[in-house]
$ cat structure-v4.cif   # mmCIF, C-alpha atoms and all ligand atoms
data_work
loop_
_atom_site.group_PDB
_atom_site.id
_atom_site.type_symbol
_atom_site.label_atom_id
_atom_site.label_comp_id
_atom_site.auth_asym_id
_atom_site.auth_seq_id
_atom_site.Cartn_x
_atom_site.Cartn_y
_atom_site.Cartn_z
ATOM 1 C CA MET A 1 11.477 -7.491 -7.828
ATOM 2 C CA TRP A 2 11.032 -7.697 -4.071
ATOM 3 C CA ASN A 3 13.270 -9.926 -1.957
ATOM 4 C CA GLY A 4 14.089 -12.032 -5.010
ATOM 5 C CA LYS A 5 10.445 -12.413 -6.050
ATOM 6 C CA ASP A 6 8.953 -11.050 -9.295
ATOM 7 C CA VAL A 7 6.215 -8.479 -8.705
ATOM 8 C CA SER A 8 3.186 -8.216 -11.011
ATOM 9 C CA VAL A 9 0.686 -5.359 -10.827
ATOM 10 C CA VAL A 10 -2.842 -5.985 -12.118
ATOM 11 C CA LEU A 11 -4.998 -3.012 -13.095
ATOM 12 C CA MET A 12 -8.607 -3.456 -14.181
ATOM 13 C CA THR A 13 -9.847 -0.732 -16.478
ATOM 14 C CA TYR A 14 -13.268 0.442 -17.527
ATOM 15 C CA ALA A 15 -13.350 4.273 -17.430
ATOM 16 C CA GLU A 16 -9.775 5.355 -16.613
ATOM 17 C CA ARG A 17 -8.457 6.512 -20.004
ATOM 18 C CA ASP A 18 -7.275 9.848 -18.616
ATOM 19 C CA SER A 19 -5.256 8.477 -15.724
ATOM 20 C CA ILE A 20 -4.121 4.972 -16.661
ATOM 21 C CA ARG A 21 -0.866 5.866 -18.429
ATOM 22 C CA GLU A 22 0.459 7.890 -15.504
ATOM 23 C CA VAL A 23 -0.518 5.135 -13.062
ATOM 24 C CA ILE A 24 1.261 2.428 -15.113
ATOM 25 C CA ASP A 25 4.393 4.583 -15.477
ATOM 26 C CA GLY A 26 4.185 5.347 -11.752
ATOM 27 C CA PHE A 27 4.221 1.640 -10.901
ATOM 28 C CA PHE A 28 7.204 0.936 -13.159
ATOM 29 C CA SER A 29 9.093 3.889 -11.720
ATOM 30 C CA THR A 30 8.868 2.427 -8.200
ATOM 31 C CA GLY A 31 11.701 0.123 -9.295
ATOM 32 C CA VAL A 32 10.118 -2.981 -7.727
ATOM 33 C CA VAL A 33 7.544 -3.822 -10.415
ATOM 34 C CA ASP A 34 8.455 -6.389 -13.076
ATOM 35 C CA GLU A 35 5.179 -6.573 -14.957
ATOM 36 C CA VAL A 36 1.962 -4.555 -15.244
ATOM 37 C CA VAL A 37 -1.066 -6.441 -16.578
ATOM 38 C CA VAL A 38 -3.997 -4.277 -17.657
ATOM 39 C CA VAL A 39 -7.345 -6.028 -17.944
ATOM 40 C CA ASP A 40 -9.433 -4.175 -20.521
ATOM 41 C CA ASN A 41 -13.025 -4.721 -19.383
ATOM 42 C CA ASN A 42 -14.673 -3.208 -22.483
ATOM 43 C CA ALA A 43 -12.988 0.041 -21.519
ATOM 44 C CA VAL A 44 -13.873 3.417 -23.003
ATOM 45 C CA PRO A 45 -12.403 4.122 -26.469
ATOM 46 C CA GLY A 46 -8.833 5.352 -26.364
ATOM 47 C CA THR A 47 -7.833 3.324 -23.284
ATOM 48 C CA ALA A 48 -5.983 0.623 -25.262
ATOM 49 C CA GLU A 49 -4.046 3.328 -27.127
ATOM 50 C CA GLU A 50 -2.960 4.883 -23.825
ATOM 51 C CA VAL A 51 -1.825 1.480 -22.521
ATOM 52 C CA ALA A 52 0.067 0.831 -25.779
ATOM 53 C CA ARG A 53 2.260 3.850 -24.982
ATOM 54 C CA THR A 54 3.547 2.059 -21.867
ATOM 55 C CA ARG A 55 5.355 -1.212 -21.079
ATOM 56 C CA ALA A 56 2.154 -2.779 -19.694
ATOM 57 C CA ARG A 57 0.639 -5.963 -21.127
ATOM 58 C CA LEU A 58 -3.003 -5.661 -22.189
ATOM 59 C CA VAL A 59 -5.489 -8.537 -21.907
ATOM 60 C CA HIS A 60 -9.193 -8.386 -22.625
ATOM 61 C CA GLU A 61 -12.093 -9.576 -20.472
ATOM 62 C CA SER A 62 -15.417 -9.467 -22.264
ATOM 63 C CA LEU A 63 -17.626 -10.294 -19.245
ATOM 64 C CA GLN A 64 -18.491 -6.943 -17.708
ATOM 65 C CA GLY A 65 -17.687 -6.232 -14.070
ATOM 66 C CA TYR A 66 -14.888 -5.749 -11.555
ATOM 67 C CA GLY A 67 -15.012 -9.393 -10.426
ATOM 68 C CA HIS A 68 -14.691 -10.892 -13.897
ATOM 69 C CA ALA A 69 -11.825 -8.501 -14.662
ATOM 70 C CA THR A 70 -10.076 -9.328 -11.385
ATOM 71 C CA ARG A 71 -10.288 -13.071 -12.017
ATOM 72 C CA ARG A 72 -8.765 -12.621 -15.479
ATOM 73 C CA GLY A 73 -5.963 -10.474 -14.041
ATOM 74 C CA LEU A 74 -5.104 -12.946 -11.285
ATOM 75 C CA GLU A 75 -4.997 -15.768 -13.853
ATOM 76 C CA THR A 76 -2.791 -13.781 -16.214
ATOM 77 C CA ALA A 77 -0.186 -12.306 -13.862
ATOM 78 C CA THR A 78 3.085 -14.246 -13.805
ATOM 79 C CA GLY A 79 4.829 -12.811 -10.713
ATOM 80 C CA GLU A 80 5.379 -14.576 -7.375
ATOM 81 C CA LEU A 81 3.752 -11.527 -5.775
ATOM 82 C CA VAL A 82 0.554 -10.272 -7.415
ATOM 83 C CA VAL A 83 -0.523 -6.736 -6.569
ATOM 84 C CA ILE A 84 -4.066 -5.632 -7.442
ATOM 85 C CA SER A 85 -4.757 -1.925 -7.764
ATOM 86 C CA GLU A 86 -6.828 0.620 -9.690
ATOM 87 C CA PRO A 87 -5.815 2.966 -12.502
ATOM 88 C CA ASP A 88 -8.157 5.812 -11.509
ATOM 89 C CA GLY A 89 -5.580 7.862 -9.604
ATOM 90 C CA THR A 90 -7.022 7.091 -6.155
ATOM 91 C CA PHE A 91 -3.966 5.088 -5.051
ATOM 92 C CA LEU A 92 -0.278 5.987 -4.965
ATOM 93 C CA PRO A 93 1.984 3.533 -6.833
ATOM 94 C CA SER A 94 4.686 4.297 -4.245
ATOM 95 C CA ASP A 95 2.417 2.806 -1.527
ATOM 96 C CA ILE A 96 3.135 -0.614 -3.082
ATOM 97 C CA VAL A 97 6.138 -0.812 -0.766
ATOM 98 C CA LYS A 98 3.860 -0.691 2.307
ATOM 99 C CA LEU A 99 2.087 -3.795 1.026
ATOM 100 C CA LEU A 100 5.248 -5.613 -0.034
ATOM 101 C CA VAL A 101 6.934 -5.106 3.328
ATOM 102 C CA TYR A 102 4.515 -7.611 4.895
ATOM 103 C CA SER A 103 4.460 -10.027 1.954
ATOM 104 C CA GLY A 104 7.321 -11.979 3.502
ATOM 105 C CA GLU A 105 5.224 -12.845 6.549
ATOM 106 C CA CYS A 106 1.742 -13.003 5.059
ATOM 107 C CA ASP A 107 -0.001 -14.646 2.117
ATOM 108 C CA VAL A 108 -2.119 -11.544 1.560
ATOM 109 C CA VAL A 109 -1.749 -7.899 2.572
ATOM 110 C CA PHE A 110 -4.922 -5.808 2.436
ATOM 111 C CA GLY A 111 -4.875 -2.022 2.163
ATOM 112 C CA THR A 112 -7.180 0.248 4.140
ATOM 113 C CA ARG A 113 -8.351 3.700 3.068
ATOM 114 C CA THR A 114 -10.028 4.619 6.345
ATOM 115 C CA THR A 115 -6.990 6.053 8.186
ATOM 116 C CA ARG A 116 -7.899 9.738 8.545
ATOM 117 C CA GLU A 117 -4.382 11.088 8.213
ATOM 118 C CA LEU A 118 -4.009 9.440 4.801
ATOM 119 C CA ILE A 119 -7.326 10.511 3.255
ATOM 120 C CA TRP A 120 -6.488 13.423 0.948
ATOM 121 C CA ALA A 121 -8.648 16.521 0.597
ATOM 122 C CA ASP A 122 -11.514 15.906 -1.850
ATOM 123 C CA ALA A 123 -10.993 12.118 -1.884
ATOM 124 C CA ASN A 124 -14.309 10.285 -2.135
ATOM 125 C CA MET A 125 -14.371 9.106 1.474
ATOM 126 C CA ASP A 126 -17.070 10.948 3.389
ATOM 127 C CA TRP A 127 -18.226 9.706 6.799
ATOM 128 C CA VAL A 128 -20.911 7.401 5.326
ATOM 129 C CA LEU A 129 -18.408 5.586 3.103
ATOM 130 C CA ARG A 130 -15.708 5.556 5.765
ATOM 131 C CA TRP A 131 -17.850 4.164 8.560
ATOM 132 C CA GLY A 132 -19.805 1.914 6.166
ATOM 133 C CA ASN A 133 -16.594 0.255 4.987
ATOM 134 C CA TRP A 134 -15.417 0.040 8.592
ATOM 135 C CA ALA A 135 -18.675 -1.522 9.823
ATOM 136 C CA VAL A 136 -18.765 -4.222 7.139
ATOM 137 C CA ALA A 137 -15.086 -4.946 7.810
ATOM 138 C CA LYS A 138 -15.887 -5.362 11.517
ATOM 139 C CA LEU A 139 -18.648 -7.813 10.591
ATOM 140 C CA ILE A 140 -16.009 -9.969 8.876
ATOM 141 C CA GLU A 141 -13.620 -9.522 11.793
ATOM 142 C CA VAL A 142 -16.222 -10.775 14.262
ATOM 143 C CA LEU A 143 -17.792 -13.541 12.150
ATOM 144 C CA PHE A 144 -14.458 -14.989 11.010
ATOM 145 C CA ASN A 145 -12.324 -14.071 14.053
ATOM 146 C CA THR A 146 -9.718 -12.339 11.887
ATOM 147 C CA ASN A 147 -7.051 -9.763 12.587
ATOM 148 C CA HIS A 148 -7.937 -6.077 12.615
ATOM 149 C CA LEU A 149 -9.843 -5.090 9.445
ATOM 150 C CA SER A 150 -11.160 -1.597 8.736
ATOM 151 C CA ASP A 151 -12.035 -1.390 5.021
ATOM 152 C CA VAL A 152 -13.824 -3.865 2.765
ATOM 153 C CA GLY A 153 -13.717 -1.586 -0.284
ATOM 154 C CA CYS A 154 -9.983 -1.094 -0.679
ATOM 155 C CA THR A 155 -8.929 -2.746 -3.928
ATOM 156 C CA TYR A 156 -5.146 -2.228 -3.455
ATOM 157 C CA ARG A 157 -3.698 -5.523 -2.149
ATOM 158 C CA VAL A 158 -0.906 -8.024 -2.652
ATOM 159 C CA LEU A 159 -1.359 -11.792 -2.798
ATOM 160 C CA ARG A 160 1.287 -14.449 -3.014
ATOM 161 C CA ARG A 161 0.972 -16.368 -6.241
ATOM 162 C CA PRO A 162 -0.463 -19.674 -4.869
ATOM 163 C CA LEU A 163 -3.172 -17.716 -3.044
ATOM 164 C CA ALA A 164 -3.864 -15.587 -6.140
ATOM 165 C CA GLN A 165 -4.439 -18.784 -8.096
ATOM 166 C CA HIS A 166 -6.665 -20.255 -5.376
ATOM 167 C CA VAL A 167 -8.746 -17.058 -5.440
ATOM 168 C CA ALA A 168 -8.966 -16.975 -9.253
ATOM 169 C CA ARG A 169 -10.135 -20.595 -9.339
ATOM 170 C CA ASN A 170 -12.868 -20.009 -6.783
ATOM 171 C CA MET A 171 -14.249 -16.541 -7.539
ATOM 172 C CA ARG A 172 -17.946 -16.518 -8.363
ATOM 173 C CA VAL A 173 -18.876 -12.835 -8.045
ATOM 174 C CA GLY A 174 -18.570 -10.831 -11.262
ATOM 175 C CA GLY A 175 -19.612 -7.365 -10.061
ATOM 176 C CA SER A 176 -18.264 -4.537 -7.917
ATOM 177 C CA HIS A 177 -18.692 -6.494 -4.672
ATOM 178 C CA ALA A 178 -16.078 -9.060 -5.781
ATOM 179 C CA GLY A 179 -13.395 -7.368 -3.685
ATOM 180 C CA VAL A 180 -14.962 -8.735 -0.528
ATOM 181 C CA GLU A 181 -15.145 -12.212 -2.059
ATOM 182 C CA VAL A 182 -11.375 -12.102 -2.656
ATOM 183 C CA MET A 183 -10.941 -11.184 1.018
ATOM 184 C CA LEU A 184 -13.189 -14.015 2.216
ATOM 185 C CA LEU A 185 -11.647 -16.642 -0.070
ATOM 186 C CA ALA A 186 -8.287 -15.769 1.473
ATOM 187 C CA ILE A 187 -9.571 -15.753 5.056
ATOM 188 C CA THR A 188 -11.543 -18.997 4.811
ATOM 189 C CA ALA A 189 -8.598 -20.760 3.192
ATOM 190 C CA GLY A 190 -6.510 -20.015 6.272
ATOM 191 C CA ALA A 191 -4.246 -17.496 4.561
ATOM 192 C CA ARG A 192 -2.143 -15.337 6.834
ATOM 193 C CA SER A 193 -3.213 -11.729 6.379
ATOM 194 C CA VAL A 194 -2.554 -8.234 7.630
ATOM 195 C CA GLU A 195 -4.041 -4.829 6.815
ATOM 196 C CA VAL A 196 -1.971 -1.676 6.248
ATOM 197 C CA PRO A 197 -3.036 1.995 5.915
ATOM 198 C CA LEU A 198 -2.718 3.505 2.430
ATOM 199 C CA ASN A 199 -3.168 6.974 0.979
ATOM 200 C CA TYR A 200 -6.512 7.658 -0.666
ATOM 201 C CA LEU A 201 -6.673 10.398 -3.296
ATOM 202 C CA PRO A 202 -9.414 12.055 -5.349
ATOM 203 C CA ARG A 203 -10.380 10.069 -8.424
ATOM 204 C CA VAL A 204 -9.468 11.238 -11.933
ATOM 205 C CA GLY A 205 -12.751 11.180 -13.890
ATOM 206 C CA ALA A 206 -16.243 10.218 -12.795
ATOM 207 C CA SER A 207 -16.830 7.468 -10.230
ATOM 208 C CA SER A 208 -19.484 4.983 -11.286
ATOM 209 C CA VAL A 209 -19.701 3.032 -8.028
ATOM 210 C CA THR A 210 -18.942 4.714 -4.726
ATOM 211 C CA GLY A 211 -19.600 8.217 -6.097
ATOM 212 C CA LYS A 212 -23.331 7.476 -6.300
ATOM 213 C CA ARG A 213 -24.923 6.995 -2.886
ATOM 214 C CA LEU A 214 -27.590 4.464 -3.946
ATOM 215 C CA VAL A 215 -25.118 2.387 -5.964
ATOM 216 C CA ALA A 216 -22.704 2.418 -3.017
ATOM 217 C CA ILE A 217 -25.431 1.230 -0.628
ATOM 218 C CA LYS A 218 -26.439 -1.529 -3.063
ATOM 219 C CA VAL A 219 -22.820 -2.714 -3.329
ATOM 220 C CA GLY A 220 -22.558 -2.627 0.482
ATOM 221 C CA LEU A 221 -25.644 -4.824 0.848
ATOM 222 C CA GLN A 222 -24.316 -7.229 -1.780
ATOM 223 C CA MET A 223 -21.082 -7.432 0.206
ATOM 224 C CA ILE A 224 -22.999 -8.335 3.362
ATOM 225 C CA GLY A 225 -24.809 -11.036 1.351
ATOM 226 C CA VAL A 226 -21.462 -12.523 0.274
ATOM 227 C CA ILE A 227 -20.177 -12.419 3.867
ATOM 228 C CA LEU A 228 -23.235 -14.268 5.190
ATOM 229 C CA ARG A 229 -22.985 -16.844 2.395
ATOM 230 C CA PHE A 230 -19.366 -17.533 3.305
ATOM 231 C CA ARG A 231 -20.149 -17.682 7.028
ATOM 232 C CA TRP A 232 -22.883 -20.177 6.346
ATOM 233 C CA ALA A 233 -20.677 -22.375 4.142
ATOM 234 C CA ALA A 234 -17.271 -22.176 5.773
ATOM 235 C CA PRO A 235 -16.001 -24.286 8.654
ATOM 236 C CA ARG A 236 -14.919 -22.280 11.746
ATOM 237 C CA ARG A 237 -11.317 -23.250 11.055
ATOM 238 C CA PRO A 238 -9.838 -24.946 7.984
ATOM 239 C CA ALA A 239 -9.063 -28.591 8.809
ATOM 240 C CA ARG A 240 -5.381 -28.041 8.033
ATOM 241 C CA PRO A 241 -3.463 -25.174 6.466
ATOM 242 C CA PRO A 242 -3.742 -25.214 2.677
ATOM 243 C CA ALA A 243 -0.619 -25.643 0.595
ATOM 244 C CA PHE A 244 -0.074 -21.938 -0.003
ATOM 245 C CA VAL A 245 0.368 -21.120 3.675
ATOM 246 C CA ALA A 246 4.124 -20.993 3.983
ATOM 247 C CA GLU A 247 5.923 -22.058 7.122
ATOM 248 C CA ARG A 248 5.284 -19.368 9.697
ATOM 249 C CA PRO A 249 6.620 -18.241 13.035
ATOM 250 C CA PRO A 250 4.580 -19.484 16.025
ATOM 251 C CA ARG A 251 1.565 -17.352 16.741
ATOM 252 C CA GLY A 252 0.044 -16.189 20.038
ATOM 253 C CA ASP A 253 -0.835 -19.166 22.228
ATOM 254 C CA GLU A 254 1.450 -21.513 20.266
ATOM 255 C CA ALA A 255 4.396 -19.255 21.035
ATOM 256 C CA ARG A 256 3.535 -19.229 24.730
ATOM 257 C CA GLU A 257 3.391 -23.024 24.792
ATOM 258 C CA GLN A 258 6.976 -23.122 23.525
ATOM 259 C CA LEU A 259 8.327 -20.812 26.222
ATOM 260 C CA PRO A 260 10.289 -22.552 28.969
ATOM 261 C CA LEU A 261 8.301 -22.511 32.216
HETATM 262 N N1 LIG A 301 -17.489 0.622 -12.746
HETATM 263 C C1 LIG A 301 -16.891 -0.444 -13.287
HETATM 264 N N2 LIG A 301 -15.622 -0.662 -12.964
HETATM 265 C C2 LIG A 301 -15.006 -1.737 -13.503
HETATM 266 C C3 LIG A 301 -15.670 -2.606 -14.384
HETATM 267 N N3 LIG A 301 -14.808 -3.565 -14.740
HETATM 268 C C4 LIG A 301 -13.664 -3.300 -14.112
HETATM 269 N N4 LIG A 301 -13.770 -2.186 -13.375
HETATM 270 C C5 LIG A 301 -12.719 -1.615 -12.542
HETATM 271 O O1 LIG A 301 -13.117 -1.639 -11.187
HETATM 272 C C6 LIG A 301 -12.425 -0.671 -10.452
HETATM 273 C C7 LIG A 301 -13.397 0.085 -9.539
HETATM 274 O O2 LIG A 301 -14.320 0.785 -10.298
HETATM 275 P P1 LIG A 301 -14.521 2.351 -10.109
HETATM 276 O O3 LIG A 301 -15.436 2.828 -11.185
HETATM 277 O O4 LIG A 301 -13.162 3.002 -9.943
HETATM 278 O O5 LIG A 301 -15.265 2.425 -8.758
HETATM 279 P P2 LIG A 301 -15.305 3.668 -7.821
HETATM 280 O O6 LIG A 301 -16.640 4.296 -7.944
HETATM 281 O O7 LIG A 301 -14.108 4.529 -7.994
HETATM 282 O O8 LIG A 301 -15.298 3.023 -6.474
HETATM 283 P P3 LIG A 301 -14.085 2.374 -5.726
HETATM 284 O O9 LIG A 301 -14.450 0.923 -5.691
HETATM 285 O O10 LIG A 301 -14.114 3.055 -4.414
HETATM 286 O O11 LIG A 301 -12.858 2.634 -6.507
HETATM 287 C C8 LIG A 301 -11.710 0.206 -11.490
HETATM 288 O O12 LIG A 301 -10.351 -0.204 -11.577
HETATM 289 C C9 LIG A 301 -12.443 -0.152 -12.760
HETATM 290 O O13 LIG A 301 -11.653 0.020 -13.897
HETATM 291 C C10 LIG A 301 -17.016 -2.359 -14.729
HETATM 292 O O14 LIG A 301 -17.654 -3.078 -15.477
HETATM 293 N N5 LIG A 301 -17.599 -1.263 -14.145
HETATM 294 MG MG MG A 302 -11.952 3.572 -7.926
#
$ encode --input "structure-v4.cif" --output "structure tokens" --more "lines below"
Ligand SMILES: Nc1nc2c(ncn2[C@@H]2O[C@H](COP(=O)(O)OP(=O)(O)OP(=O)(O)O)[C@@H](O)[C@H]2O)c(=O)[nH]1
Ligand SMILES: [Mg+2]
Amino acid sequence: MWNGKDVSVVLMTYAERDSIREVIDGFFSTGVVDEVVVVDNNAVPGTAEEVARTRARLVHESLQGYGHATRRGLETATGELVVISEPDGTFLPSDIVKLLVYSGECDVVFGTRTTRELIWADANMDWVLRWGNWAVAKLIEVLFNTNHLSDVGCTYRVLRRPLAQHVARNMRVGGSHAGVEVMLLAITAGARSVEVPLNYLPRVGASSVTGKRLVAIKVGLQMIGVILRFRWAAPRRPARPPAFVAERPPRGDEAREQLPL
């Protein structure tokens, strides 16, 4: 629980049998997590048995791909604050607090893995991945006039429940590039967002996406395709804030207008 709100953690799993139990236990031991939902996306044999040794709830998604699994997880989680993460050992459960700290002011808090000081030795974040993620994030920043963004590939985030449901209802991408669709659905809906630096560790087990250069480039190009599709379709500004945008303190120019002259 965080500031009186139930916290759900959603973990999608495909090939994380050897790390998932420790990650789930790590999230529960933070003391702020009420529920862990594991989405079994036709995971390797033995994964369900590992999850059964924890307090996590297991749901199954038969459609293959990170996006399909994410949609199922967002639909299933019951908390007011829904944290998405990965069970491959690349993220620290204790970093959840960095995301939650901003959840009072924002509808969504994105993580970034491109802060040099927080990239651990042997983590899969060489200069191509680091600057590639940064460049695509800057494309979003410029095209959608957002706050500072520096990583489109970070899958550790927290969404307030109404936004999580909006995203789940509107997701169309089933594959590995769905993470950027979640980001764009939030941005184009007018959600208040911020990005915070997170630790990035070496993966337990083999990476099937960013560990292979050609696959990583393909996912990057697919992300750019999604960004251009959203830019084409979305109005410059939402006509009025959607229902999930909570009352907020005045921002920038609005605040200045309220100052006595
Ligand atoms: N590769 C893959 N991952 C899936 C699938 N469905 C869900 N996932 C989850 O998607 C997340 C990212 O997949 P990873 O294989 O860890 O990708 P990666 O190569 O480590 O690359 P990152 O995106 O940088 O983590 C993990 O939590 C997977 O369990 C699937 O069909 N294929
Ligand atoms: Mg991973």
$ axis_aligned_box --input "structure-v4.cif" --around "stretch 145-162 of chain A" --padding-each-side "8 Å" --output "JSON"
{"center_x": -6.3, "center_y": -10.4, "center_z": 3.9, "size_x": 31.1, "size_y": 34.6, "size_z": 36.3}
$ residues_around --input "structure-v4.cif" --residues "A:Glu117" --least-positions-apart "5" --cutoff "10 Å" --atoms "only C-alpha atoms" --output "JSON, numbers by chain"
{"A": [197, 198, 199, 200]}
$ residues_around --input "structure-v4.cif" --residues "A:Leu139" --least-positions-apart "4" --cutoff "9 Å" --atoms "all atoms listed in the file" --output "mmCIF file with C-alpha atoms, keeping the file's coordinate frame"
data_model
loop_
_atom_site.group_PDB
_atom_site.id
_atom_site.type_symbol
_atom_site.label_atom_id
_atom_site.label_comp_id
_atom_site.auth_asym_id
_atom_site.auth_seq_id
_atom_site.Cartn_x
_atom_site.Cartn_y
_atom_site.Cartn_z
ATOM 1 C CA TRP A 134 -15.417 0.040 8.592
ATOM 2 C CA ALA A 135 -18.675 -1.522 9.823
ATOM 3 C CA LEU A 143 -17.792 -13.541 12.150
ATOM 4 C CA PHE A 144 -14.458 -14.989 11.010
ATOM 5 C CA ILE A 224 -22.999 -8.335 3.362
ATOM 6 C CA ILE A 227 -20.177 -12.419 3.867
#
$ residues_near_ligand --input "structure-v4.cif" --ligand "ligand MG 302 (chain A)" --cutoff "8 Å" --atoms "all atoms listed in the file" --output "list in words"
Glu86, Pro87, Asp88, Gly89, Thr90, Arg203, Ser207, Val209 and Thr210 of chain A
$ resolve_selection --input "structure-v4.cif" --expression "the PyMOL selection byres (((chain A and resi 100) around 10) and not hetatm)" --output "VMD selection string"
chain A and resid 2 to 3 7 32 81 to 83 95 to 99 101 to 106 108 to 109 157 to 159
$ closest_residue --input "structure-v4.cif" --among "A:Glu80, A:Asp40, A:Glu22, A:Glu35" --to "ligand LIG 301 (chain A)" --atoms "only C-alpha atoms and all ligand atoms"
A:Asp40
$ residues_near_ligand --input "structure-v4.cif" --ligand "ligand LIG 301 (chain A)" --cutoff "8 Å" --atoms "only C-alpha atoms and all ligand atoms" --output "PyMOL selection string"
chain A and resi 11-16+39-43+64-70+85-88+90+124+153-155+175-176+203+206-212
$ closest_residue --input "structure-v4.cif" --among "A:Ala189, A:Ile140, A:Val204, A:Val182" --to "A:Leu228" --atoms "all atoms listed in the file"
A:Ile140
$ closest_residue --input "structure-v4.cif" --among "A:Gly79, A:Pro45, A:Gly73, A:Gly26" --to "A:Val167" --atoms "only C-alpha atoms"
A:Gly73
$ atom_distance --input "structure-v4.cif" --atom1 "atom CA of A:Val226" --atom2 "atom CA of A:Leu184"
8.6 Å
$ atom_distance --input "structure-v4.cif" --atom1 "atom CA of A:Leu201" --atom2 "atom CA of A:Ile119"
6.6 Å
$ resolve_selection --input "structure-v4.cif" --expression "the PyMOL selection byres (((chain A and resi 132) around 10) and not hetatm)" --output "list of chain:residue names"
A:Asp126, A:Trp127, A:Val128, A:Leu129, A:Arg130, A:Trp131, A:Asn133, A:Trp134, A:Ala135, A:Val136, A:Ala137, A:Lys138, A:Ser150, A:Asp151, A:Val152, A:Gly153, A:Ala216, A:Ile217, A:Gly220
$ closest_residue --input "structure-v4.cif" --among "A:Arg160, A:His148, A:Arg21, A:Arg72" --to "A:Val51" --atoms "all atoms listed in the file"
A:Arg21
$ atom_distance --input "structure-v4.cif" --atom1 "atom CA of A:Ser8" --atom2 "atom CA of A:Ala56"
10.3 Å
$ closest_residue --input "structure-v4.cif" --among "A:Val180, A:Ile84, A:Val36, A:Val23" --to "A:Arg55" --atoms "all atoms listed in the file"
A:Val36
$ resolve_selection --input "structure-v4.cif" --expression "the PyMOL selection byres (((chain A and resi 163-165) around 7) and not hetatm)" --output "list of chain:residue names"
A:Leu74, A:Glu75, A:Asp107, A:Leu159, A:Arg160, A:Arg161, A:Pro162, A:His166, A:Val167, A:Ala168, A:Arg169, A:Phe244
